[in-house]
Number of protein chains: 4
Amino acid sequence: MVNVGVIGAGLMGSTHARLLATAIAGAEVVAISDAVHEHAQRIADELDLSTIHADGMELIANPAVDAVVIASPAATHEPYTLACIEVGKPVLCEKPLATSAAAAKRIVEAEAAVGHRSVTVGFMRRYDPGYADLKARLDAGAIGAPLLMHCAHRNPSVHPFFDSAMIITDSAVHEIDVTRWLLGEEIVRATVLTPTPTSKAREGLRDPQLLLFETAGGRLVDVEAFVSAGYAYDIRCEVVGEDGTLELLPPATVALRTDNAESQAIPPGFRERFGTAYLHELQAWIHSIARGSEPDGPSAYDGFAAAAVSEAAVASLESGRPVDVAL
Amino acid sequence: MVNVGVIGAGLMGSTHARLLATAIAGAEVVAISDAVHEHAQRIADELDLSTIHADGMELIANPAVDAVVIASPAATHEPYTLACIEVGKPVLCEKPLATSAAAAKRIVEAEAAVGHRSVTVGFMRRYDPGYADLKARLDAGAIGAPLLMHCAHRNPSVHPFFDSAMIITDSAVHEIDVTRWLLGEEIVRATVLTPTPTSKAREGLRDPQLLLFETAGGRLVDVEAFVSAGYAYDIRCEVVGEDGTLELLPPATVALRTDNAESQAIPPGFRERFGTAYLHELQAWIHSIARGSEPDGPSAYDGFAAAAVSEAAVASLESGRPVDVAL
Amino acid sequence: MVNVGVIGAGLMGSTHARLLATAIAGAEVVAISDAVHEHAQRIADELDLSTIHADGMELIANPAVDAVVIASPAATHEPYTLACIEVGKPVLCEKPLATSAAAAKRIVEAEAAVGHRSVTVGFMRRYDPGYADLKARLDAGAIGAPLLMHCAHRNPSVHPFFDSAMIITDSAVHEIDVTRWLLGEEIVRATVLTPTPTSKAREGLRDPQLLLFETAGGRLVDVEAFVSAGYAYDIRCEVVGEDGTLELLPPATVALRTDNAESQAIPPGFRERFGTAYLHELQAWIHSIARGSEPDGPSAYDGFAAAAVSEAAVASLESGRPVDVAL
Amino acid sequence: MVNVGVIGAGLMGSTHARLLATAIAGAEVVAISDAVHEHAQRIADELDLSTIHADGMELIANPAVDAVVIASPAATHEPYTLACIEVGKPVLCEKPLATSAAAAKRIVEAEAAVGHRSVTVGFMRRYDPGYADLKARLDAGAIGAPLLMHCAHRNPSVHPFFDSAMIITDSAVHEIDVTRWLLGEEIVRATVLTPTPTSKAREGLRDPQLLLFETAGGRLVDVEAFVSAGYAYDIRCEVVGEDGTLELLPPATVALRTDNAESQAIPPGFRERFGTAYLHELQAWIHSIARGSEPDGPSAYDGFAAAAVSEAAVASLESGRPVDVAL
Ligand SMILES: [Mg+2]
Ligand SMILES: [Mg+2]
Ligand SMILES: [Mg+2]
Ligand SMILES: [Mg+2]
């Protein structure tokens, strides 16, 4: 049994804690922490946890904790991850791995100094059955060599504090990871274009955005990132290859025919859309720990690369020009 | 140019007249007739027709008329069709060819006495791009030998005078023709089952019905016939063969994503659903006349067979037992 | 932690044991048994189990076993289930609950004598996300009152010992349960029709079959049961209501465009199609045991009712006539 | 009856001539011309035409010709169209209207000097049922104000003489027109990006290309133009609005389930994909002539604007930089 401590009792931390406690084989949640004690208490009560830590460092140090999930605010990811590396505990850190490419690089280097992988970054889409199937078929040559990729990332709405850069660093960062993972190549240049914003967005928010990525091998990827899309949480991805295309299908399971139309539901949010992905992500992570093997999920380097591409994209958002990625 | 006279200025007659006048190459409408003079007048005005006949027999006799479309009430189909055969004018008769199998047989025999085909029955589904594609693939062996067929025929609603037998003779008669045409076999036995009716149907109407047909080669066909379906005009057809299945797709051309769903329109009525089929039916009929060749659309015998199966099905509706078809 | 013993190390038993050991929270597999020792040994080795029992009765009696999964041959289901009831251990019995309605009734009565539910029957479709969504929408009134249901159950192929009755008792029995569960009504009459069999079926096998069920409330259900369908494992279900229809969608997650077509995979077998359903079924069962609450999955009575309908359908297969269900 | 002369007996000219002769109401083909006499002769024989002209100017001058279709090589479009304007005959000119924006502008001015519209440009997509439906719903407000548009234009292959600029001027020019028509705004800037070309393209061909258009109102449009796509002729279009999205569906009418997949055909070429659009385009043009009204299809100005955007895009293809459109 892997005894897990969860840092952060917000939306993501609660989700992970619940899954670990009720849906993941071989894991138990033994401790939780949150800057707001009441948040930690609520989850502790719900899941019958005995230990609440005042802060994440204490939780990491707790000898009853075998492995750590970090789901606290982004600014805390670097110190917590570094602490886990230091004490040699496997850690699953929610994205972003750190708030800058430089910080992420420090984590990569700290882990390298130890000599084996212990850091996994929460790019859960790699565990989504649709993306995983797409990746498997692509690698099996179903469409030949990839040439282009078309993506859309649409959120129904976001919190008022969401700014134009966060559309890249918080939302489109998933497409940055998906691009690197599906195509197996680094992104070397980013351009961000901004059309007239939707009237539904907060004043000043550049929403939607059209991101363009160029890879080392000359593939082009376009990403519509749109966080005030209103109608649903909708994720699209089509890879165009030399012999055909592969495209994610919406995850509907039932068709309704009524009122002169056939309709299929689109999920309202990321938890409904990627619930299964979170489950598979956690289960794979727990299995790798139980087996004593290195994790094979997204690595610290993946977290660093995503941060570096995000920085280039944010710079392009400001300048309106293509910006090279510094890897 | 083929000069066409149209008998009947109701819904179907008007539709045919308009198509012939505005969308069919090589045809002109030269005369119209209707028991209600105002109906004929309205179409004559709309299409700028000079000749209105008081009755269909006069129209058939008019030497300016090369070919005749019959779209008057069902009871008049037999005498008008026989008159067309007599004077040797090609005739396209709306279904049903006649109101009884015996009457339809008289038409078959009258045509046979003349020695060449001049009668075409308006089973327009054979000209629908979807059904035509399904037929072509089936005949090309895409799914091997057919074994079963599942159909649904759903109307949003019907006129108050529609009775339980008309669900067979007026609606499901299309599936009877489709079955014979797709499978290339006669239907030898019919059974009609009636579940608890929808509360939306008129008191006493057995709606929906489940029709079962057995063919000479032992294929089974089930047809849901449902004329108070409410939500749309929806036609479904799946043929199950030894190597797979072929299924009609709904005719939508655009997907709308809004309000947490992706939706595609389903047509409100048969004219929207089968508009293209009517067009192709008429154009093929006009071309065959212009070429001087025999028509190759649904024949008088097809009209007779449909009537014979309808009679067996109506008898089964009454008795609740399987009834053999008398061909 | 719920300590589970698994009786039967064949296809289904192995599947359940693997899921319980590696994918279900709160469960451990502590013992296995199989009539063929090598089969039990193989799974014990794979999952690192210490205890192999020579027979199921021994396993049930083992005090280290908290709960039992029965996945041995159908003839053994009754005695094993009765033994579990007697010793008061929760049991999940694969379908069929017993090989006759009379035997199933004995189980119902034995459980009733104890006074609380301990038997769950493995009708896993109730846990499939598609069926569950369909049920939720139906119950929420999305299509009004149900009137008809159209189903297809297609297996690519079956073992040579599969006979015509097993198409009902082994395959279509799932649709029998689904019908009762979705419509919330008992099936009161069954009719089985058999078209000309596919040439791909073993000589003498009546395959496909068309089953017709009538419910207490007068709903009609048709089920195509076809176990030599060849092309895939394909499950279809459409419920027709007063305001529209609800239909299961195929479970594909990716569309491939190549060779002049867009295609989506259909699963090759029931484990791929219903893998998630088995997972949810087991997790819900383990949770109910851990909570100490009665199971809320398919009950012994559901197993009995399915057996009674199966018997009527098999009788109809032989007589060709509608047969009333004896409940 | 409108008597039409067709200039050009190649692929497009033959298609138009055949449709006019056999599928369009109210039209007759009375003359044809082609630089290669045998080509003209072949169509004249097929359609039983009495008059073959040695060149297009002669055909235009022929008093038996009421209206002219121009489907000769692009370089001849300007002089023929100007000649039609001069003699006052309605003309349907295949795209491009002319080989440069300057030439197209001369046509616009010549028509304006006459004072009424007589030129229609063959942007047939406006008559495709899918595009027409999308336009109607967009204008009806189904998705609110448009913000972005994602397009793909994929040809299976092209002739060896096709060069990188023709991917814009010959293929993507349809998307240029579709953008202006759907969004109701001019394109003010074009950028062309080129990924590593497919290995299936001729040496030196920049294929695929990613075109980016910015409209006067700040909408962004991306177009994948890919003429060696191999797998099919595939046209995609999604408009993203403030309240949702509208997307063209592939035109399949039948689903085939076999070999572990459900598949739907994608057309092999533009004639199969847009056959109905050509029909509607010609019928609308003939009706407008027969009515004596001005044509309401794509105008000379639309032809000019498409040429101006094409020129900017070709300049961007060469420079790799955004290029302003000179309107
Ligand atoms: Mg757990
Ligand atoms: Mg006409
Ligand atoms: Mg377990
Ligand atoms: Mg014509």
# chains A, B, ... in the order shown; residues from 1 in each chain; ligands from 1
>>> calpha_fit_and_write(fixed="chain B", moving="chain D", output="compact mmCIF listing (two decimals) with C-alpha atoms, in the first residue's frame")
# COMPACT_ATOMS: atom_id res chain seq x y z
CA MET D 1 -39.42 18.73 -74.57
CA VAL D 2 -41.87 16.45 -72.73
CA ASN D 3 -45.23 18.12 -72.14
CA VAL D 4 -46.64 16.94 -68.84
CA GLY D 5 -50.14 17.11 -67.46
CA VAL D 6 -50.55 16.88 -63.69
CA ILE D 7 -53.73 15.43 -62.17
CA GLY D 8 -54.20 16.71 -58.63
CA ALA D 9 -53.17 20.10 -57.26
CA GLY D 10 -52.86 19.14 -53.62
CA LEU D 11 -49.63 18.82 -51.68
CA MET D 12 -48.02 16.16 -53.87
CA GLY D 13 -49.44 17.42 -57.17
CA SER D 14 -48.22 20.96 -56.50
CA THR D 15 -44.80 19.68 -55.53
CA HIS D 16 -44.48 17.66 -58.73
CA ALA D 17 -45.80 20.50 -60.89
CA ARG D 18 -43.37 22.99 -59.39
CA LEU D 19 -40.40 20.68 -59.78
CA LEU D 20 -41.31 19.85 -63.39
CA ALA D 21 -41.71 23.53 -64.21
CA THR D 22 -38.62 24.87 -62.49
CA ALA D 23 -36.09 22.16 -61.79
CA ILE D 24 -36.42 19.34 -64.32
CA ALA D 25 -34.62 19.49 -67.63
CA GLY D 26 -36.60 18.64 -70.74
CA ALA D 27 -40.06 18.94 -69.22
CA GLU D 28 -42.83 21.47 -69.32
CA VAL D 29 -46.12 21.45 -67.45
CA VAL D 30 -48.87 22.14 -69.96
CA ALA D 31 -52.03 21.25 -68.05
CA ILE D 32 -53.36 20.68 -64.58
CA SER D 33 -56.61 19.41 -63.12
CA ASP D 34 -58.16 19.16 -59.68
CA ALA D 35 -61.59 18.36 -58.32
CA VAL D 36 -61.40 21.71 -56.55
CA HIS D 37 -61.00 24.26 -59.31
CA GLU D 38 -59.41 26.86 -57.02
CA HIS D 39 -56.57 24.51 -56.19
CA ALA D 40 -55.84 23.96 -59.86
CA GLN D 41 -56.14 27.68 -60.51
CA ARG D 42 -53.65 28.56 -57.79
CA ILE D 43 -50.93 26.37 -59.28
CA ALA D 44 -51.82 27.45 -62.80
CA ASP D 45 -51.33 31.06 -61.73
CA GLU D 46 -48.11 30.34 -59.91
CA LEU D 47 -46.58 28.46 -62.83
CA ASP D 48 -48.21 30.41 -65.63
CA LEU D 49 -50.13 27.44 -67.06
CA SER D 50 -52.75 28.12 -69.71
CA THR D 51 -54.78 24.92 -69.44
CA ILE D 52 -56.92 23.77 -66.52
CA HIS D 53 -59.02 20.67 -66.96
CA ALA D 54 -62.20 20.03 -65.01
CA ASP D 55 -61.25 16.41 -64.58
CA GLY D 56 -58.35 14.07 -65.06
CA MET D 57 -59.92 12.12 -67.93
CA GLU D 58 -60.09 15.29 -69.98
CA LEU D 59 -56.45 16.06 -69.18
CA ILE D 60 -55.40 12.56 -70.23
CA ALA D 61 -57.23 12.97 -73.51
CA ASN D 62 -55.70 16.39 -74.25
CA PRO D 63 -53.43 15.88 -77.31
CA ALA D 64 -51.03 18.56 -75.99
CA VAL D 65 -50.26 16.29 -73.05
CA ASP D 66 -47.41 13.83 -73.71
CA ALA D 67 -47.19 12.29 -70.27
CA VAL D 68 -49.22 12.28 -67.07
CA VAL D 69 -48.51 12.60 -63.36
CA ILE D 70 -51.29 11.28 -61.11
CA ALA D 71 -51.39 12.86 -57.65
CA SER D 72 -55.13 12.88 -57.02
CA PRO D 73 -56.89 10.94 -54.20
CA ALA D 74 -56.01 7.25 -54.05
CA ALA D 75 -59.44 6.07 -55.17
CA THR D 76 -58.94 7.73 -58.57
CA HIS D 77 -55.57 6.17 -59.31
CA GLU D 78 -56.90 3.03 -60.92
CA PRO D 79 -59.22 4.64 -63.52
CA TYR D 80 -56.70 7.35 -64.42
CA THR D 81 -53.84 4.88 -64.79
CA LEU D 82 -55.97 2.57 -66.94
CA ALA D 83 -56.95 5.53 -69.10
CA CYS D 84 -53.29 6.46 -69.60
CA ILE D 85 -52.46 2.89 -70.59
CA GLU D 86 -55.34 2.91 -73.04
CA VAL D 87 -54.21 6.09 -74.82
CA GLY D 88 -50.57 5.02 -74.62
CA LYS D 89 -49.24 7.89 -72.53
CA PRO D 90 -46.46 7.35 -69.98
CA VAL D 91 -47.81 7.82 -66.48
CA LEU D 92 -46.17 8.43 -63.11
CA CYS D 93 -48.72 7.47 -60.46
CA GLU D 94 -48.23 8.44 -56.84
CA LYS D 95 -48.44 5.56 -54.38
CA PRO D 96 -50.62 3.66 -53.84
CA LEU D 97 -51.07 2.46 -57.38
CA ALA D 98 -54.58 1.40 -56.37
CA THR D 99 -56.63 0.94 -53.22
CA SER D 100 -56.57 -2.86 -53.34
CA ALA D 101 -54.32 -5.58 -54.59
CA ALA D 102 -57.06 -6.72 -56.94
CA ALA D 103 -57.33 -3.25 -58.48
CA ALA D 104 -53.55 -3.01 -58.81
CA LYS D 105 -53.55 -6.39 -60.53
CA ARG D 106 -56.02 -5.10 -63.13
CA ILE D 107 -53.52 -2.37 -63.97
CA VAL D 108 -50.69 -4.88 -64.24
CA GLU D 109 -52.79 -6.94 -66.63
CA ALA D 110 -53.92 -3.97 -68.71
CA GLU D 111 -50.30 -2.91 -69.17
CA ALA D 112 -49.25 -6.45 -70.00
CA ALA D 113 -51.98 -6.64 -72.65
CA VAL D 114 -50.45 -3.62 -74.37
CA GLY D 115 -47.08 -5.30 -74.33
CA HIS D 116 -44.75 -2.64 -73.02
CA ARG D 117 -44.22 -0.71 -69.81
CA SER D 118 -45.78 2.71 -69.48
CA VAL D 119 -46.60 2.85 -65.76
CA THR D 120 -44.23 4.10 -63.08
CA VAL D 121 -45.21 4.13 -59.39
CA GLY D 122 -43.97 6.95 -57.14
CA PHE D 123 -41.84 4.98 -54.72
CA MET D 124 -39.37 7.84 -54.69
CA ARG D 125 -37.06 6.41 -52.02
CA ARG D 126 -35.32 4.36 -54.69
CA TYR D 127 -34.02 7.74 -55.95
CA ASP D 128 -32.85 9.02 -52.57
CA PRO D 129 -29.02 9.33 -52.62
CA GLY D 130 -28.78 7.48 -49.29
CA TYR D 131 -30.95 4.52 -50.26
CA ALA D 132 -29.37 4.41 -53.70
CA ASP D 133 -25.89 4.28 -52.18
CA LEU D 134 -26.99 1.60 -49.71
CA LYS D 135 -28.44 -0.48 -52.56
CA ALA D 136 -25.30 -0.08 -54.66
CA ARG D 137 -23.02 -1.20 -51.84
CA LEU D 138 -25.29 -4.08 -50.91
CA ASP D 139 -25.35 -5.30 -54.51
CA ALA D 140 -21.57 -4.88 -54.67
CA GLY D 141 -21.24 -7.32 -51.78
CA ALA D 142 -20.02 -4.90 -49.10
CA ILE D 143 -21.72 -6.87 -46.33
CA GLY D 144 -22.25 -10.26 -47.97
CA ALA D 145 -25.67 -11.87 -48.13
CA PRO D 146 -28.37 -9.90 -46.27
CA LEU D 147 -29.99 -11.62 -43.29
CA LEU D 148 -32.05 -9.01 -41.48
CA MET D 149 -33.24 -5.47 -41.93
CA HIS D 150 -34.23 -2.98 -39.23
CA CYS D 151 -36.31 0.04 -40.22
CA ALA D 152 -38.05 2.97 -38.58
CA HIS D 153 -40.52 5.31 -40.23
CA ARG D 154 -41.41 8.21 -37.96
CA ASN D 155 -43.72 11.08 -38.83
CA PRO D 156 -44.02 13.98 -36.44
CA SER D 157 -47.83 13.84 -36.67
CA VAL D 158 -50.69 13.03 -39.02
CA HIS D 159 -54.11 14.36 -39.93
CA PRO D 160 -56.97 13.42 -37.60
CA PHE D 161 -58.54 11.18 -40.26
CA PHE D 162 -55.47 8.91 -40.26
CA ASP D 163 -56.50 5.47 -38.97
CA SER D 164 -54.51 2.45 -37.81
CA ALA D 165 -54.61 0.73 -41.20
CA MET D 166 -53.28 3.86 -42.94
CA ILE D 167 -50.13 3.62 -40.82
CA ILE D 168 -49.50 0.55 -42.97
CA THR D 169 -51.00 1.51 -46.31
CA ASP D 170 -49.84 5.12 -46.33
CA SER D 171 -46.62 5.18 -44.32
CA ALA D 172 -45.05 1.74 -43.97
CA VAL D 173 -45.87 0.97 -47.60
CA HIS D 174 -42.60 2.75 -48.40
CA GLU D 175 -40.71 0.24 -46.28
CA ILE D 176 -42.59 -2.57 -48.03
CA ASP D 177 -41.27 -1.33 -51.35
CA VAL D 178 -37.79 -0.67 -49.95
CA THR D 179 -37.65 -4.22 -48.57
CA ARG D 180 -38.55 -5.82 -51.89
CA TRP D 181 -36.18 -3.55 -53.78
CA LEU D 182 -33.17 -3.82 -51.47
CA LEU D 183 -33.43 -7.54 -50.84
CA GLY D 184 -34.62 -8.47 -54.32
CA GLU D 185 -37.16 -10.90 -52.87
CA GLU D 186 -40.89 -11.00 -52.33
CA ILE D 187 -42.40 -10.64 -48.88
CA VAL D 188 -44.37 -13.79 -48.12
CA ARG D 189 -45.71 -13.15 -44.60
CA ALA D 190 -46.57 -10.13 -42.48
CA THR D 191 -47.17 -9.74 -38.74
CA VAL D 192 -48.19 -6.50 -37.03
CA LEU D 193 -47.66 -6.00 -33.30
CA THR D 194 -48.99 -3.05 -31.37
CA PRO D 195 -47.54 -1.84 -28.09
CA THR D 196 -49.36 0.50 -25.75
CA PRO D 197 -50.02 3.54 -27.94
CA THR D 198 -48.40 6.89 -27.36
CA SER D 199 -50.57 9.29 -25.39
CA LYS D 200 -49.95 11.80 -28.17
CA ALA D 201 -51.99 9.81 -30.68
CA ARG D 202 -55.67 10.26 -31.33
CA GLU D 203 -57.87 7.97 -29.17
CA GLY D 204 -58.07 4.56 -30.81
CA LEU D 205 -55.06 4.92 -33.10
CA ARG D 206 -52.69 1.93 -32.79
CA ASP D 207 -49.54 4.02 -32.94
CA PRO D 208 -46.68 3.01 -32.97
CA GLN D 209 -46.79 -0.38 -34.68
CA LEU D 210 -44.07 -2.95 -35.14
CA LEU D 211 -44.32 -4.70 -38.51
CA LEU D 212 -42.49 -7.93 -39.23
CA PHE D 213 -41.94 -9.18 -42.75
CA GLU D 214 -40.61 -12.55 -43.85
CA THR D 215 -39.25 -12.87 -47.36
CA ALA D 216 -39.28 -15.79 -49.74
CA GLY D 217 -35.62 -16.43 -48.92
CA GLY D 218 -36.21 -16.38 -45.18
CA ARG D 219 -34.93 -12.86 -44.43
CA LEU D 220 -36.63 -11.03 -41.54
CA VAL D 221 -37.46 -7.33 -41.62
CA ASP D 222 -38.75 -5.30 -38.68
CA VAL D 223 -40.31 -1.88 -39.22
CA GLU D 224 -41.26 0.58 -36.53
CA ALA D 225 -44.08 2.63 -38.03
CA PHE D 226 -44.82 5.61 -35.82
CA VAL D 227 -46.84 8.54 -37.12
CA SER D 228 -47.13 10.56 -33.91
CA ALA D 229 -43.42 10.55 -33.15
CA GLY D 230 -43.49 14.28 -32.56
CA TYR D 231 -39.82 15.12 -32.68
CA ALA D 232 -39.16 15.04 -36.44
CA TYR D 233 -39.57 13.13 -39.69
CA ASP D 234 -37.03 10.41 -39.14
CA ILE D 235 -36.30 7.46 -41.42
CA ARG D 236 -33.91 4.72 -40.38
CA CYS D 237 -32.75 1.63 -42.19
CA GLU D 238 -30.04 -0.87 -41.36
CA VAL D 239 -29.38 -3.99 -43.40
CA VAL D 240 -27.50 -6.74 -41.55
CA GLY D 241 -25.47 -9.08 -43.72
CA GLU D 242 -23.13 -11.98 -43.23
CA ASP D 243 -20.07 -9.70 -43.19
CA GLY D 244 -21.35 -6.46 -41.66
CA THR D 245 -24.11 -3.89 -41.80
CA LEU D 246 -25.11 -0.92 -43.94
CA GLU D 247 -27.12 1.91 -42.45
CA LEU D 248 -28.69 5.11 -43.75
CA LEU D 249 -27.22 8.22 -42.15
CA PRO D 250 -29.40 11.19 -41.25
CA PRO D 251 -29.13 13.85 -43.96
CA ALA D 252 -27.62 16.66 -41.87
CA THR D 253 -24.93 18.82 -43.47
CA VAL D 254 -23.93 21.05 -40.56
CA ALA D 255 -23.11 20.45 -36.88
CA LEU D 256 -23.91 23.10 -34.32
CA ARG D 257 -22.04 23.19 -31.03
CA THR D 258 -23.79 25.28 -28.43
CA ASP D 259 -25.44 24.90 -25.01
CA ASN D 260 -23.31 21.94 -23.91
CA ALA D 261 -24.18 19.83 -26.93
CA GLU D 262 -23.35 19.16 -30.55
CA SER D 263 -26.50 18.86 -32.61
CA GLN D 264 -27.51 18.06 -36.16
CA ALA D 265 -30.91 18.86 -37.63
CA ILE D 266 -33.41 16.13 -38.53
CA PRO D 267 -35.90 17.17 -41.24
CA PRO D 268 -39.40 18.24 -40.19
CA GLY D 269 -41.20 16.42 -42.99
CA PHE D 270 -41.00 14.11 -45.96
CA ARG D 271 -40.58 16.89 -48.51
CA GLU D 272 -37.41 18.13 -46.80
CA ARG D 273 -36.13 14.59 -46.29
CA PHE D 274 -36.91 13.31 -49.78
CA GLY D 275 -36.83 16.51 -51.85
CA THR D 276 -33.80 15.31 -53.77
CA ALA D 277 -35.42 11.92 -54.29
CA TYR D 278 -38.49 13.52 -55.90
CA LEU D 279 -36.20 15.53 -58.16
CA HIS D 280 -34.22 12.50 -59.29
CA GLU D 281 -37.41 10.46 -59.70
CA LEU D 282 -38.97 13.04 -62.02
CA GLN D 283 -35.77 13.68 -63.96
CA ALA D 284 -35.23 9.95 -64.56
CA TRP D 285 -38.84 9.58 -65.68
CA ILE D 286 -38.60 12.53 -68.09
CA HIS D 287 -35.29 11.27 -69.49
CA SER D 288 -36.76 7.82 -70.14
CA ILE D 289 -39.71 9.40 -71.99
CA ALA D 290 -37.44 11.73 -73.97
CA ARG D 291 -35.27 8.76 -74.97
CA GLY D 292 -38.35 6.79 -75.96
CA SER D 293 -37.21 3.91 -73.77
CA GLU D 294 -39.30 1.97 -71.25
CA PRO D 295 -39.21 3.45 -67.75
CA ASP D 296 -36.96 1.60 -65.31
CA GLY D 297 -38.47 2.97 -62.10
CA PRO D 298 -40.91 1.11 -59.83
CA SER D 299 -43.33 -0.81 -62.03
CA ALA D 300 -47.05 -1.58 -61.89
CA TYR D 301 -46.06 -4.97 -60.52
CA ASP D 302 -44.17 -3.24 -57.71
CA GLY D 303 -47.34 -1.29 -56.99
CA PHE D 304 -49.34 -4.51 -56.97
CA ALA D 305 -46.90 -6.34 -54.67
CA ALA D 306 -46.88 -3.43 -52.22
CA ALA D 307 -50.69 -3.51 -52.16
CA ALA D 308 -50.74 -7.26 -51.55
CA VAL D 309 -48.30 -7.00 -48.64
CA SER D 310 -50.25 -4.05 -47.23
CA GLU D 311 -53.42 -6.13 -47.30
CA ALA D 312 -51.74 -8.96 -45.40
CA ALA D 313 -50.37 -6.52 -42.84
CA VAL D 314 -53.75 -4.88 -42.32
CA ALA D 315 -55.28 -8.33 -41.81
CA SER D 316 -52.58 -9.08 -39.22
CA LEU D 317 -53.24 -5.76 -37.50
CA GLU D 318 -56.82 -6.94 -37.03
CA SER D 319 -56.12 -10.57 -36.09
CA GLY D 320 -52.83 -10.18 -34.25
CA ARG D 321 -51.53 -13.24 -36.15
CA PRO D 322 -49.04 -13.73 -38.99
CA VAL D 323 -50.80 -13.49 -42.38
CA ASP D 324 -49.52 -14.93 -45.66
CA VAL D 325 -49.22 -12.58 -48.62
CA ALA D 326 -51.29 -13.49 -51.68
CA LEU D 327 -49.21 -12.69 -54.75
>>> select_by_dssp(residues="range 96-231 of chain D", states="strand (DSSP E or B)", output="number ranges by chain")
D: 119-121, 146-154, 187-193, 209-215, 220-226
>>> select_by_dssp(residues="range 121-229 of chain A", states="helix (DSSP H, G or I)", output="MDAnalysis selection string")
chainID A and resid 124:127 129:139 164:183
